[in-house]
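Input: a single structure, listed below in C-alpha cells.
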Amino acid sequence: VDRTPVWMMRQAGRHIKEYRDLCKKYPTFRQRSEIPEVAVEVSLQPWRNYQTDGCILFSDILTPLPGVGLEFTIDEKVGPVMEPIRSYDDLKKMHKIDPSSAAPFVAETLKILREEVGPETAVLGFVGCPYTLATYIVEGKTSKEYLEIKKMAFNEPDLLHSILKNLAESISDYALYQIENGAQLIQIFDSWAGHLSPRDYDEFAAPYQKMILNKIKEAHPEIPTVTYIKHSGALIERVAATGVDVVSLDWTVDMAEGRERIRKSREANGLDGPGGVQGNLDPGILYANHDTIKERTEEILRKAGPTGHVMNLGHGIEATTPEENAKFFVETVRNFRHET
C-alpha cells in the first residue's frame, strides 16, 4: 500500500474525555460494554476523533465467560473478580456457550458499527485465548505471578487441559458469532502467555490458539486473524508457526528483526508467504513531544515496509495518554507515504 493502515489497541476507553464523561452515567464497565448503544458510542469515539482505519468492538475478553457458566464482576480498582476453578468438581460449572443468548449485545453492536463506519474502515472483533482466560478462571482475579495456574499446570495438567479445551470450543463459536454479525477481522489476545516458558507455551497455549484459528479458517477463510501476546519476544517463531495471518509484536522487538523471524518461521513450517505484522510503538512514546512521536513512528513504518503491516502500538494505549498525542500518532501514520 502507499499508506499503512493504523489503529490502536485499547483505543476506545479511558484516555478519551468523552468516555470518562460517559462513565458518570454508566458507572460499571459491564453496562458500558453490554448496552449496545453505549458500546457503539464508545467504539466510535476514537474512530471519529482520530480517523483510525480500524474500529474495534468495545468489549472485554471476559465478556463470554457467563455464557460458559462462569460469572464475574469487574471491580473498578481491582479488575475482574470471580469464583476460581481449582478442581474437577468446580469444572462441572462449565458448559458450552450459546453466543446468541450469552452475548446478543455483541451482535447488535457489531451490526450497528458496520452501518456507522462505512466501507473505508474495518470493524474489528476480538476474543481472549484459552490460556489467558484460564489465568483469570484459576486465579480468580488478575495476577502478577500466575502461581495458581502454574501449580495446576505442573501438578494437575489434565485438569488444566480440560479447562482449556472447554474454553477453546466456546471461544471458537464466539469468534464465529462475531464474524457472522459483522466483524471483518478477529484479533486473538493471549496476553499472559508471555509468562510461559517456550515448552509450556507449546503445551498450554499454542494448541488452543490453533483450535480457534483453524475453526475461523474453516468457516471463514476470507477473515484475517491476528495474535497478540504481551512480552512475546522469545515466542515470535512459535506464534508465527500457528498459521495466524498477522503477528502483533510488542515494543520489545525491533520491527525489521520481528518481520524476518516471522518470515523464517512460516517458511520452516510450510506456510505460504512472509506473513503479516502489526505494531509496535511503545505506548510510552505517546507521552513524548511530537517530534519524537513522529521520528519513532516513521522508523517503524520504514522498517516494516509497504506490504502486510498494520501500524499499532506494542500494547494498549495508557489511560493517561494525552488525546492530542494519540491523534498526532494516527495523523503521522496517515500522512506517511512509502517510496515506490
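Chain identifiers are assigned as A, B, and so on, following the order in which chains appear in the C-alpha cells; residues are numbered from 1 within each chain, and ligands are numbered from 1 in order of appearance.
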
Please give the complete set of residues from region 90-251 of chain A that DSSP, run on the backbone, assigns to alpha helix (DSSP H), formatted as a JSON list (two decimals) with C-alpha atoms, in the first residue's frame.
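Result written to selection_34.json:
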[["chain", "number", "residue", "atom", "x", "y", "z"],
["A", 90, "ASP", "CA", -15.54, -26.85, 40.09],
["A", 91, "LEU", "CA", -15.11, -27.77, 36.41],
["A", 99, "PRO", "CA", -23.37, -16.90, 21.90],
["A", 100, "SER", "CA", -26.78, -15.62, 20.80],
["A", 101, "SER", "CA", -28.17, -15.96, 24.34],
["A", 102, "ALA", "CA", -24.87, -15.18, 26.14],
["A", 104, "PRO", "CA", -26.71, -10.78, 21.93],
["A", 105, "PHE", "CA", -25.49, -7.24, 22.65],
["A", 106, "VAL", "CA", -22.20, -8.04, 20.85],
["A", 107, "ALA", "CA", -24.09, -8.95, 17.66],
["A", 108, "GLU", "CA", -26.20, -5.80, 17.88],
["A", 109, "THR", "CA", -23.15, -3.58, 18.48],
["A", 110, "LEU", "CA", -21.20, -5.07, 15.55],
["A", 111, "LYS", "CA", -24.15, -4.70, 13.14],
["A", 112, "ILE", "CA", -24.59, -1.03, 14.04],
["A", 113, "LEU", "CA", -20.83, -0.37, 13.77],
["A", 114, "ARG", "CA", -20.77, -1.81, 10.23],
["A", 115, "GLU", "CA", -23.51, 0.66, 9.24],
["A", 116, "GLU", "CA", -21.88, 3.61, 11.01],
["A", 117, "VAL", "CA", -18.28, 3.39, 9.80],
["A", 130, "PRO", "CA", -7.92, -20.11, 26.45],
["A", 131, "TYR", "CA", -4.67, -19.84, 28.42],
["A", 132, "THR", "CA", -5.14, -16.15, 29.20],
["A", 133, "LEU", "CA", -8.81, -16.67, 30.11],
["A", 134, "ALA", "CA", -7.77, -19.61, 32.29],
["A", 135, "THR", "CA", -5.41, -17.37, 34.26],
["A", 136, "TYR", "CA", -8.45, -15.39, 35.46],
["A", 137, "ILE", "CA", -10.54, -18.52, 35.96],
["A", 138, "VAL", "CA", -7.93, -20.40, 38.02],
["A", 139, "GLU", "CA", -6.51, -17.39, 39.90],
["A", 147, "LEU", "CA", 1.23, -19.13, 40.66],
["A", 148, "GLU", "CA", -2.17, -20.86, 40.96],
["A", 149, "ILE", "CA", -2.40, -21.67, 37.25],
["A", 150, "LYS", "CA", 1.25, -22.76, 37.19],
["A", 151, "LYS", "CA", 0.64, -25.04, 40.20],
["A", 152, "MET", "CA", -2.25, -26.59, 38.28],
["A", 153, "ALA", "CA", -0.19, -26.87, 35.07],
["A", 154, "PHE", "CA", 2.60, -28.74, 36.82],
["A", 155, "ASN", "CA", 0.60, -30.78, 39.36],
["A", 157, "PRO", "CA", -2.07, -30.78, 33.88],
["A", 158, "ASP", "CA", -5.08, -32.87, 32.81],
["A", 159, "LEU", "CA", -7.42, -30.61, 34.78],
["A", 160, "LEU", "CA", -5.94, -27.51, 33.16],
["A", 161, "HIS", "CA", -6.18, -29.11, 29.71],
["A", 162, "SER", "CA", -9.88, -29.84, 30.38],
["A", 163, "ILE", "CA", -10.48, -26.18, 31.21],
["A", 164, "LEU", "CA", -8.51, -25.04, 28.13],
["A", 165, "LYS", "CA", -10.33, -27.42, 25.78],
["A", 166, "ASN", "CA", -13.73, -26.30, 27.09],
["A", 167, "LEU", "CA", -12.73, -22.69, 26.55],
["A", 168, "ALA", "CA", -11.31, -23.30, 23.07],
["A", 169, "GLU", "CA", -14.58, -24.83, 21.87],
["A", 170, "SER", "CA", -16.71, -21.99, 23.23],
["A", 171, "ILE", "CA", -14.36, -19.17, 22.25],
["A", 172, "SER", "CA", -14.21, -20.53, 18.68],
["A", 173, "ASP", "CA", -18.00, -20.36, 18.49],
["A", 174, "TYR", "CA", -17.96, -16.85, 19.98],
["A", 175, "ALA", "CA", -15.41, -15.70, 17.35],
["A", 176, "LEU", "CA", -17.58, -17.13, 14.55],
["A", 177, "TYR", "CA", -20.60, -15.37, 16.06],
["A", 178, "GLN", "CA", -18.75, -12.05, 15.84],
["A", 179, "ILE", "CA", -17.87, -12.71, 12.19],
["A", 180, "GLU", "CA", -21.44, -13.68, 11.34],
["A", 198, "PRO", "CA", 8.66, -22.00, 25.46],
["A", 199, "ARG", "CA", 7.99, -25.62, 26.43],
["A", 200, "ASP", "CA", 4.88, -24.69, 28.42],
["A", 201, "TYR", "CA", 3.70, -22.30, 25.67],
["A", 202, "ASP", "CA", 3.85, -25.28, 23.29],
["A", 203, "GLU", "CA", 1.73, -27.35, 25.67],
["A", 204, "PHE", "CA", -0.76, -24.96, 27.26],
["A", 206, "ALA", "CA", -0.30, -22.75, 21.18],
["A", 207, "PRO", "CA", -2.57, -25.81, 20.65],
["A", 208, "TYR", "CA", -5.62, -23.89, 21.88],
["A", 209, "GLN", "CA", -4.78, -20.80, 19.81],
["A", 210, "LYS", "CA", -4.61, -23.14, 16.80],
["A", 211, "MET", "CA", -8.00, -24.66, 17.62],
["A", 212, "ILE", "CA", -9.58, -21.20, 17.41],
["A", 213, "LEU", "CA", -7.59, -20.12, 14.33],
["A", 214, "ASN", "CA", -8.42, -23.37, 12.50],
["A", 215, "LYS", "CA", -12.14, -23.06, 13.28],
["A", 216, "ILE", "CA", -12.15, -19.49, 11.92],
["A", 217, "LYS", "CA", -10.25, -20.50, 8.77],
["A", 218, "GLU", "CA", -12.52, -23.50, 8.12],
["A", 219, "ALA", "CA", -15.71, -21.46, 8.37],
["A", 236, "ILE", "CA", 7.65, -14.97, 17.91],
["A", 237, "GLU", "CA", 8.62, -18.05, 15.87],
["A", 238, "ARG", "CA", 6.13, -20.15, 17.81],
["A", 239, "VAL", "CA", 3.31, -17.62, 17.34],
["A", 240, "ALA", "CA", 4.01, -17.45, 13.58],
["A", 241, "ALA", "CA", 4.03, -21.27, 13.39]]

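By chain and then residue number, the residues within 12 Å of Lys77 (chain A) are Thr28, Phe29, Thr73, Ile74, Pro80, Val81, Lys141 and Thr142 of chain A, counting only C-alpha atoms and disregarding those fewer than 3 positions away in sequence.
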
Determine, counting only C-alpha atoms, which protein, DNA and RNA residues have an atom within 12 Å of an atom of region 325-330 of chain A; residues of the same chain fewer than 3 positions away are not included. Present the result as a PyMOL selection string. chain A and resi 3-12+15-16+45-54+281-298+301+310-313+316-322+333-336

Tell me which protein, DNA and RNA residues are within 9 Å of Ser33 (chain A), counting only C-alpha atoms, leaving out same-chain ones fewer than 5 positions away, and put them as an mmCIF file with all heavy atoms, in the first residue's frame.
data_model
loop_
_atom_site.group_PDB
_atom_site.id
_atom_site.type_symbol
_atom_site.label_atom_id
_atom_site.label_comp_id
_atom_site.auth_asym_id
_atom_site.auth_seq_id
_atom_site.Cartn_x
_atom_site.Cartn_y
_atom_site.Cartn_z
ATOM 1 N N THR A 28 -20.565 1.207 35.556
ATOM 2 C CA THR A 28 -19.846 -0.081 35.527
ATOM 3 C C THR A 28 -19.389 -0.411 34.106
ATOM 4 O O THR A 28 -20.052 -0.077 33.121
ATOM 5 C CB THR A 28 -20.710 -1.254 36.048
ATOM 6 O OG1 THR A 28 -21.691 -1.594 35.061
ATOM 7 C CG2 THR A 28 -21.393 -0.900 37.362
ATOM 8 N N VAL A 38 -24.482 2.182 24.038
ATOM 9 C CA VAL A 38 -23.327 2.738 24.755
ATOM 10 C C VAL A 38 -22.031 2.147 24.175
ATOM 11 O O VAL A 38 -21.072 2.878 23.896
ATOM 12 C CB VAL A 38 -23.415 2.454 26.275
ATOM 13 C CG1 VAL A 38 -22.260 3.130 27.013
ATOM 14 C CG2 VAL A 38 -24.750 2.929 26.839
ATOM 15 N N ALA A 39 -22.018 0.831 23.961
ATOM 16 C CA ALA A 39 -20.827 0.180 23.383
ATOM 17 C C ALA A 39 -20.524 0.732 21.993
ATOM 18 O O ALA A 39 -19.357 0.923 21.628
ATOM 19 C CB ALA A 39 -21.037 -1.334 23.327
ATOM 20 N N VAL A 40 -21.568 1.018 21.211
ATOM 21 C CA VAL A 40 -21.381 1.607 19.875
ATOM 22 C C VAL A 40 -20.737 2.979 19.999
ATOM 23 O O VAL A 40 -19.745 3.290 19.320
ATOM 24 C CB VAL A 40 -22.728 1.704 19.113
ATOM 25 C CG1 VAL A 40 -22.607 2.622 17.900
ATOM 26 C CG2 VAL A 40 -23.203 0.318 18.686
ATOM 27 N N VAL A 42 -18.948 4.245 22.433
ATOM 28 C CA VAL A 42 -17.565 4.161 22.913
ATOM 29 C C VAL A 42 -16.646 3.650 21.796
ATOM 30 O O VAL A 42 -15.534 4.161 21.608
ATOM 31 C CB VAL A 42 -17.473 3.262 24.166
ATOM 32 C CG1 VAL A 42 -16.024 3.064 24.585
ATOM 33 C CG2 VAL A 42 -18.276 3.871 25.318
ATOM 34 N N LEU A 57 -14.552 -3.341 18.318
ATOM 35 C CA LEU A 57 -15.660 -3.540 19.243
ATOM 36 C C LEU A 57 -15.218 -3.206 20.671
ATOM 37 O O LEU A 57 -14.186 -3.706 21.136
ATOM 38 C CB LEU A 57 -16.062 -5.021 19.161
ATOM 39 C CG LEU A 57 -17.001 -5.572 20.231
ATOM 40 C CD1 LEU A 57 -18.406 -5.066 19.995
ATOM 41 C CD2 LEU A 57 -16.981 -7.105 20.206
ATOM 42 N N PHE A 58 -15.985 -2.364 21.382
ATOM 43 C CA PHE A 58 -15.684 -2.101 22.789
ATOM 44 C C PHE A 58 -16.289 -3.229 23.616
ATOM 45 O O PHE A 58 -17.503 -3.384 23.693
ATOM 46 C CB PHE A 58 -16.246 -0.749 23.231
ATOM 47 C CG PHE A 58 -15.906 -0.418 24.661
ATOM 48 C CD1 PHE A 58 -14.602 -0.132 25.030
ATOM 49 C CD2 PHE A 58 -16.888 -0.417 25.648
ATOM 50 C CE1 PHE A 58 -14.274 0.151 26.356
ATOM 51 C CE2 PHE A 58 -16.570 -0.127 26.966
ATOM 52 C CZ PHE A 58 -15.263 0.158 27.314
ATOM 53 N N SER A 59 -15.418 -4.030 24.195
ATOM 54 C CA SER A 59 -15.865 -5.206 24.936
ATOM 55 C C SER A 59 -14.719 -5.632 25.836
ATOM 56 O O SER A 59 -13.816 -4.837 26.113
ATOM 57 C CB SER A 59 -16.239 -6.314 23.936
ATOM 58 O OG SER A 59 -16.788 -7.429 24.601
ATOM 59 N N ASP A 60 -14.747 -6.869 26.294
ATOM 60 C CA ASP A 60 -13.678 -7.382 27.152
ATOM 61 C C ASP A 60 -13.461 -8.844 26.810
ATOM 62 O O ASP A 60 -14.400 -9.524 26.370
ATOM 63 C CB ASP A 60 -14.068 -7.241 28.630
ATOM 64 C CG ASP A 60 -12.869 -7.464 29.550
ATOM 65 O OD1 ASP A 60 -12.624 -8.630 29.927
ATOM 66 O OD2 ASP A 60 -12.162 -6.501 29.866
ATOM 67 N N THR A 63 -16.002 -11.134 28.484
ATOM 68 C CA THR A 63 -17.437 -10.992 28.187
ATOM 69 C C THR A 63 -18.157 -12.320 27.947
ATOM 70 O O THR A 63 -19.278 -12.498 28.417
ATOM 71 C CB THR A 63 -17.620 -10.011 27.007
ATOM 72 O OG1 THR A 63 -17.184 -8.713 27.445
ATOM 73 C CG2 THR A 63 -19.064 -9.925 26.545
ATOM 74 N N PHE A 105 -25.887 -8.655 22.751
ATOM 75 C CA PHE A 105 -25.489 -7.240 22.648
ATOM 76 C C PHE A 105 -24.255 -7.067 21.762
ATOM 77 O O PHE A 105 -24.068 -6.030 21.118
ATOM 78 C CB PHE A 105 -25.229 -6.643 24.043
ATOM 79 C CG PHE A 105 -24.398 -7.522 24.942
ATOM 80 C CD1 PHE A 105 -23.010 -7.470 24.907
ATOM 81 C CD2 PHE A 105 -25.016 -8.426 25.806
ATOM 82 C CE1 PHE A 105 -22.248 -8.300 25.724
ATOM 83 C CE2 PHE A 105 -24.253 -9.266 26.619
ATOM 84 C CZ PHE A 105 -22.863 -9.196 26.575
ATOM 85 N N VAL A 106 -23.394 -8.092 21.711
ATOM 86 C CA VAL A 106 -22.203 -8.035 20.851
ATOM 87 C C VAL A 106 -22.628 -8.034 19.381
ATOM 88 O O VAL A 106 -22.115 -7.258 18.568
ATOM 89 C CB VAL A 106 -21.244 -9.205 21.167
ATOM 90 C CG1 VAL A 106 -20.205 -9.393 20.067
ATOM 91 C CG2 VAL A 106 -20.546 -8.968 22.501
#

Region 26-234 of chain A: residues DSSP assigns to strand (DSSP E or B), reported as a JSON list (two decimals) with all heavy atoms, in the first residue's frame:
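Once everything was written out, this is part_28.json:
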[["chain", "number", "residue", "atom", "x", "y", "z"],
["A", 54, "GLY", "N", -9.19, 1.14, 11.63],
["A", 54, "GLY", "CA", -9.91, 0.04, 12.28],
["A", 54, "GLY", "C", -10.78, 0.61, 13.39],
["A", 54, "GLY", "O", -10.36, 1.52, 14.12],
["A", 55, "CYS", "N", -12.00, 0.07, 13.49],
["A", 55, "CYS", "CA", -12.89, 0.43, 14.61],
["A", 55, "CYS", "C", -13.15, -0.86, 15.37],
["A", 55, "CYS", "O", -13.80, -1.77, 14.86],
["A", 55, "CYS", "CB", -14.19, 1.02, 14.07],
["A", 55, "CYS", "SG", -15.38, 1.40, 15.36],
["A", 56, "ILE", "N", -12.59, -0.97, 16.58],
["A", 56, "ILE", "CA", -12.69, -2.23, 17.32],
["A", 56, "ILE", "C", -13.87, -2.21, 18.28],
["A", 56, "ILE", "O", -14.16, -1.19, 18.91],
["A", 56, "ILE", "CB", -11.36, -2.57, 18.06],
["A", 56, "ILE", "CG1", -11.40, -4.03, 18.58],
["A", 56, "ILE", "CG2", -11.04, -1.57, 19.15],
["A", 56, "ILE", "CD1", -10.04, -4.60, 18.95],
["A", 73, "THR", "N", -17.40, -10.28, 38.15],
["A", 73, "THR", "CA", -17.67, -8.85, 38.30],
["A", 73, "THR", "C", -16.37, -8.11, 38.00],
["A", 73, "THR", "O", -15.29, -8.68, 38.13],
["A", 73, "THR", "CB", -18.14, -8.50, 39.73],
["A", 73, "THR", "OG1", -17.14, -8.97, 40.64],
["A", 73, "THR", "CG2", -19.47, -9.14, 40.07],
["A", 74, "ILE", "N", -16.50, -6.86, 37.58],
["A", 74, "ILE", "CA", -15.29, -6.06, 37.37],
["A", 74, "ILE", "C", -15.26, -4.97, 38.42],
["A", 74, "ILE", "O", -16.10, -4.07, 38.44],
["A", 74, "ILE", "CB", -15.24, -5.47, 35.94],
["A", 74, "ILE", "CG1", -15.06, -6.61, 34.93],
["A", 74, "ILE", "CG2", -14.08, -4.48, 35.81],
["A", 74, "ILE", "CD1", -14.82, -6.20, 33.50],
["A", 75, "ASP", "N", -14.33, -5.10, 39.34],
["A", 75, "ASP", "CA", -14.09, -4.08, 40.35],
["A", 75, "ASP", "C", -13.25, -2.99, 39.70],
["A", 75, "ASP", "O", -12.20, -3.27, 39.13],
["A", 75, "ASP", "CB", -13.35, -4.71, 41.53],
["A", 75, "ASP", "CG", -13.10, -3.72, 42.66],
["A", 75, "ASP", "OD1", -12.37, -2.74, 42.41],
["A", 75, "ASP", "OD2", -13.62, -3.94, 43.77],
["A", 79, "GLY", "N", -10.04, -4.86, 39.17],
["A", 79, "GLY", "CA", -10.21, -5.57, 37.89],
["A", 79, "GLY", "C", -11.18, -6.73, 38.05],
["A", 79, "GLY", "O", -11.98, -6.75, 39.00],
["A", 80, "PRO", "N", -11.12, -7.72, 37.17],
["A", 80, "PRO", "CA", -12.09, -8.81, 37.20],
["A", 80, "PRO", "C", -11.93, -9.69, 38.44],
["A", 80, "PRO", "O", -10.81, -9.99, 38.84],
["A", 80, "PRO", "CB", -11.78, -9.62, 35.94],
["A", 80, "PRO", "CG", -10.78, -8.83, 35.17],
["A", 80, "PRO", "CD", -10.14, -7.86, 36.09],
["A", 81, "VAL", "N", -13.07, -10.10, 39.00],
["A", 81, "VAL", "CA", -13.07, -10.99, 40.18],
["A", 81, "VAL", "C", -14.09, -12.09, 39.92],
["A", 81, "VAL", "O", -15.21, -11.81, 39.46],
["A", 81, "VAL", "CB", -13.45, -10.21, 41.46],
["A", 81, "VAL", "CG1", -13.42, -11.13, 42.68],
["A", 81, "VAL", "CG2", -12.53, -9.02, 41.67],
["A", 122, "ALA", "N", -12.36, -0.89, 8.71],
["A", 122, "ALA", "CA", -12.63, -2.28, 9.08],
["A", 122, "ALA", "C", -13.19, -2.33, 10.50],
["A", 122, "ALA", "O", -12.68, -1.67, 11.40],
["A", 122, "ALA", "CB", -11.34, -3.09, 9.01],
["A", 123, "VAL", "N", -14.25, -3.13, 10.68],
["A", 123, "VAL", "CA", -14.79, -3.38, 12.02],
["A", 123, "VAL", "C", -14.10, -4.62, 12.58],
["A", 123, "VAL", "O", -14.13, -5.69, 11.98],
["A", 123, "VAL", "CB", -16.32, -3.56, 11.98],
["A", 123, "VAL", "CG1", -16.85, -4.02, 13.34],
["A", 123, "VAL", "CG2", -16.99, -2.24, 11.56],
["A", 124, "LEU", "N", -13.43, -4.43, 13.72],
["A", 124, "LEU", "CA", -12.57, -5.47, 14.28],
["A", 124, "LEU", "C", -13.24, -6.15, 15.47],
["A", 124, "LEU", "O", -13.68, -5.48, 16.41],
["A", 124, "LEU", "CB", -11.24, -4.84, 14.74],
["A", 124, "LEU", "CG", -10.57, -3.86, 13.76],
["A", 124, "LEU", "CD1", -9.30, -3.29, 14.37],
["A", 124, "LEU", "CD2", -10.26, -4.53, 12.43],
["A", 125, "GLY", "N", -13.29, -7.46, 15.43],
["A", 125, "GLY", "CA", -13.75, -8.23, 16.58],
["A", 125, "GLY", "C", -12.54, -8.83, 17.29],
["A", 125, "GLY", "O", -11.43, -8.83, 16.77],
["A", 126, "PHE", "N", -12.77, -9.34, 18.51],
["A", 126, "PHE", "CA", -11.64, -9.97, 19.22],
["A", 126, "PHE", "C", -12.14, -10.95, 20.27],
["A", 126, "PHE", "O", -13.28, -10.87, 20.73],
["A", 126, "PHE", "CB", -10.75, -8.90, 19.87],
["A", 126, "PHE", "CG", -11.35, -8.21, 21.06],
["A", 126, "PHE", "CD1", -11.10, -8.66, 22.35],
["A", 126, "PHE", "CD2", -12.17, -7.09, 20.89],
["A", 126, "PHE", "CE1", -11.65, -8.02, 23.46],
["A", 126, "PHE", "CE2", -12.73, -6.44, 22.00],
["A", 126, "PHE", "CZ", -12.47, -6.91, 23.28],
["A", 127, "VAL", "N", -11.24, -11.87, 20.61],
["A", 127, "VAL", "CA", -11.51, -12.83, 21.69],
["A", 127, "VAL", "C", -10.25, -13.02, 22.51],
["A", 127, "VAL", "O", -9.14, -12.75, 22.04],
["A", 127, "VAL", "CB", -11.98, -14.20, 21.15],
["A", 127, "VAL", "CG1", -13.30, -14.08, 20.40],
["A", 127, "VAL", "CG2", -10.91, -14.85, 20.26],
["A", 128, "GLY", "N", -10.43, -13.48, 23.73],
["A", 128, "GLY", "CA", -9.30, -13.89, 24.56],
["A", 128, "GLY", "C", -9.01, -15.35, 24.30],
["A", 128, "GLY", "O", -9.91, -16.15, 24.03],
["A", 141, "LYS", "N", -8.80, -13.85, 39.82],
["A", 141, "LYS", "CA", -8.62, -12.40, 39.64],
["A", 141, "LYS", "C", -7.36, -12.18, 38.80],
["A", 141, "LYS", "O", -6.69, -13.14, 38.43],
["A", 141, "LYS", "CB", -8.50, -11.68, 40.99],
["A", 141, "LYS", "CG", -7.33, -12.17, 41.87],
["A", 141, "LYS", "CD", -7.36, -11.49, 43.22],
["A", 141, "LYS", "CE", -6.13, -11.77, 44.06],
["A", 141, "LYS", "NZ", -5.80, -13.18, 44.27],
["A", 185, "LEU", "N", -12.44, -8.91, 10.88],
["A", 185, "LEU", "CA", -11.13, -9.41, 11.29],
["A", 185, "LEU", "C", -11.29, -9.87, 12.73],
["A", 185, "LEU", "O", -12.10, -9.30, 13.47],
["A", 185, "LEU", "CB", -10.11, -8.27, 11.21],
["A", 185, "LEU", "CG", -8.69, -8.48, 11.76],
["A", 185, "LEU", "CD1", -7.72, -7.60, 10.99],
["A", 185, "LEU", "CD2", -8.57, -8.16, 13.24],
["A", 186, "ILE", "N", -10.55, -10.89, 13.13],
["A", 186, "ILE", "CA", -10.56, -11.31, 14.54],
["A", 186, "ILE", "C", -9.14, -11.25, 15.08],
["A", 186, "ILE", "O", -8.23, -11.87, 14.52],
["A", 186, "ILE", "CB", -11.14, -12.73, 14.73],
["A", 186, "ILE", "CG1", -12.61, -12.80, 14.32],
["A", 186, "ILE", "CG2", -10.96, -13.18, 16.19],
["A", 186, "ILE", "CD1", -13.61, -12.11, 15.26],
["A", 187, "GLN", "N", -8.97, -10.49, 16.16],
["A", 187, "GLN", "CA", -7.68, -10.49, 16.86],
["A", 187, "GLN", "C", -7.84, -11.38, 18.09],
["A", 187, "GLN", "O", -8.80, -11.23, 18.85],
["A", 187, "GLN", "CB", -7.28, -9.07, 17.28],
["A", 187, "GLN", "CG", -5.97, -9.07, 18.07],
["A", 187, "GLN", "CD", -5.16, -7.80, 17.92],
["A", 187, "GLN", "OE1", -5.14, -7.19, 16.86],
["A", 187, "GLN", "NE2", -4.49, -7.40, 18.98],
["A", 188, "ILE", "N", -6.91, -12.31, 18.25],
["A", 188, "ILE", "CA", -6.96, -13.17, 19.43],
["A", 188, "ILE", "C", -5.86, -12.71, 20.40],
["A", 188, "ILE", "O", -4.72, -12.51, 20.00],
["A", 188, "ILE", "CB", -6.89, -14.67, 19.09],
["A", 188, "ILE", "CG1", -5.53, -15.09, 18.53],
["A", 188, "ILE", "CG2", -8.00, -15.06, 18.11],
["A", 188, "ILE", "CD1", -5.38, -16.60, 18.36],
["A", 189, "PHE", "N", -6.26, -12.49, 21.65],
["A", 189, "PHE", "CA", -5.34, -12.00, 22.67],
["A", 189, "PHE", "C", -4.96, -13.15, 23.59],
["A", 189, "PHE", "O", -5.82, -13.72, 24.27],
["A", 189, "PHE", "CB", -6.02, -10.90, 23.52],
["A", 189, "PHE", "CG", -6.16, -9.59, 22.81],
["A", 189, "PHE", "CD1", -7.26, -9.31, 22.02],
["A", 189, "PHE", "CD2", -5.19, -8.60, 22.95],
["A", 189, "PHE", "CE1", -7.39, -8.10, 21.37],
["A", 189, "PHE", "CE2", -5.31, -7.37, 22.30],
["A", 189, "PHE", "CZ", -6.42, -7.11, 21.51],
["A", 225, "THR", "N", -6.78, -13.06, 10.58],
["A", 225, "THR", "CA", -6.62, -13.28, 12.02],
["A", 225, "THR", "C", -5.31, -12.67, 12.49],
["A", 225, "THR", "O", -4.32, -12.62, 11.74],
["A", 225, "THR", "CB", -6.62, -14.79, 12.33],
["A", 225, "THR", "OG1", -5.64, -15.45, 11.52],
["A", 225, "THR", "CG2", -7.98, -15.41, 12.09],
["A", 226, "VAL", "N", -5.32, -12.19, 13.73],
["A", 226, "VAL", "CA", -4.15, -11.54, 14.34],
["A", 226, "VAL", "C", -3.98, -12.13, 15.73],
["A", 226, "VAL", "O", -4.97, -12.33, 16.44],
["A", 226, "VAL", "CB", -4.39, -10.01, 14.50],
["A", 226, "VAL", "CG1", -3.14, -9.32, 15.03],
["A", 226, "VAL", "CG2", -4.86, -9.37, 13.20],
["A", 227, "THR", "N", -2.74, -12.41, 16.12],
["A", 227, "THR", "CA", -2.48, -12.83, 17.50],
["A", 227, "THR", "C", -1.61, -11.78, 18.20],
["A", 227, "THR", "O", -0.60, -11.34, 17.65],
["A", 227, "THR", "CB", -1.74, -14.18, 17.56],
["A", 227, "THR", "OG1", -2.55, -15.18, 16.93],
["A", 227, "THR", "CG2", -1.49, -14.61, 19.01],
["A", 228, "TYR", "N", -2.03, -11.42, 19.41],
["A", 228, "TYR", "CA", -1.21, -10.52, 20.24],
["A", 228, "TYR", "C", -0.89, -11.21, 21.57],
["A", 228, "TYR", "O", -1.79, -11.72, 22.25],
["A", 228, "TYR", "CB", -1.91, -9.19, 20.54],
["A", 228, "TYR", "CG", -1.10, -8.34, 21.50],
["A", 228, "TYR", "CD1", 0.03, -7.65, 21.04],
["A", 228, "TYR", "CD2", -1.39, -8.28, 22.86],
["A", 228, "TYR", "CE1", 0.82, -6.91, 21.91],
["A", 228, "TYR", "CE2", -0.60, -7.55, 23.73],
["A", 228, "TYR", "CZ", 0.50, -6.86, 23.25],
["A", 228, "TYR", "OH", 1.30, -6.14, 24.11]]

List as a PyMOL selection string the protein and nucleic acid residues near Thr307 (chain A), meaning an atom at most 10 Å away when only C-alpha atoms are counted, but skip any in the same chain fewer than 6 places from it. chain A and resi 1-4+274-277+338

One decimal, Å: what's the distance from CA of His315 (chain A) over to CA of Asp250 (chain A), could you say? 6.1 Å

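A straight line drawn from CA of Glu222 (chain A) to CA of Leu44 (chain A) is 24.6 Å long.
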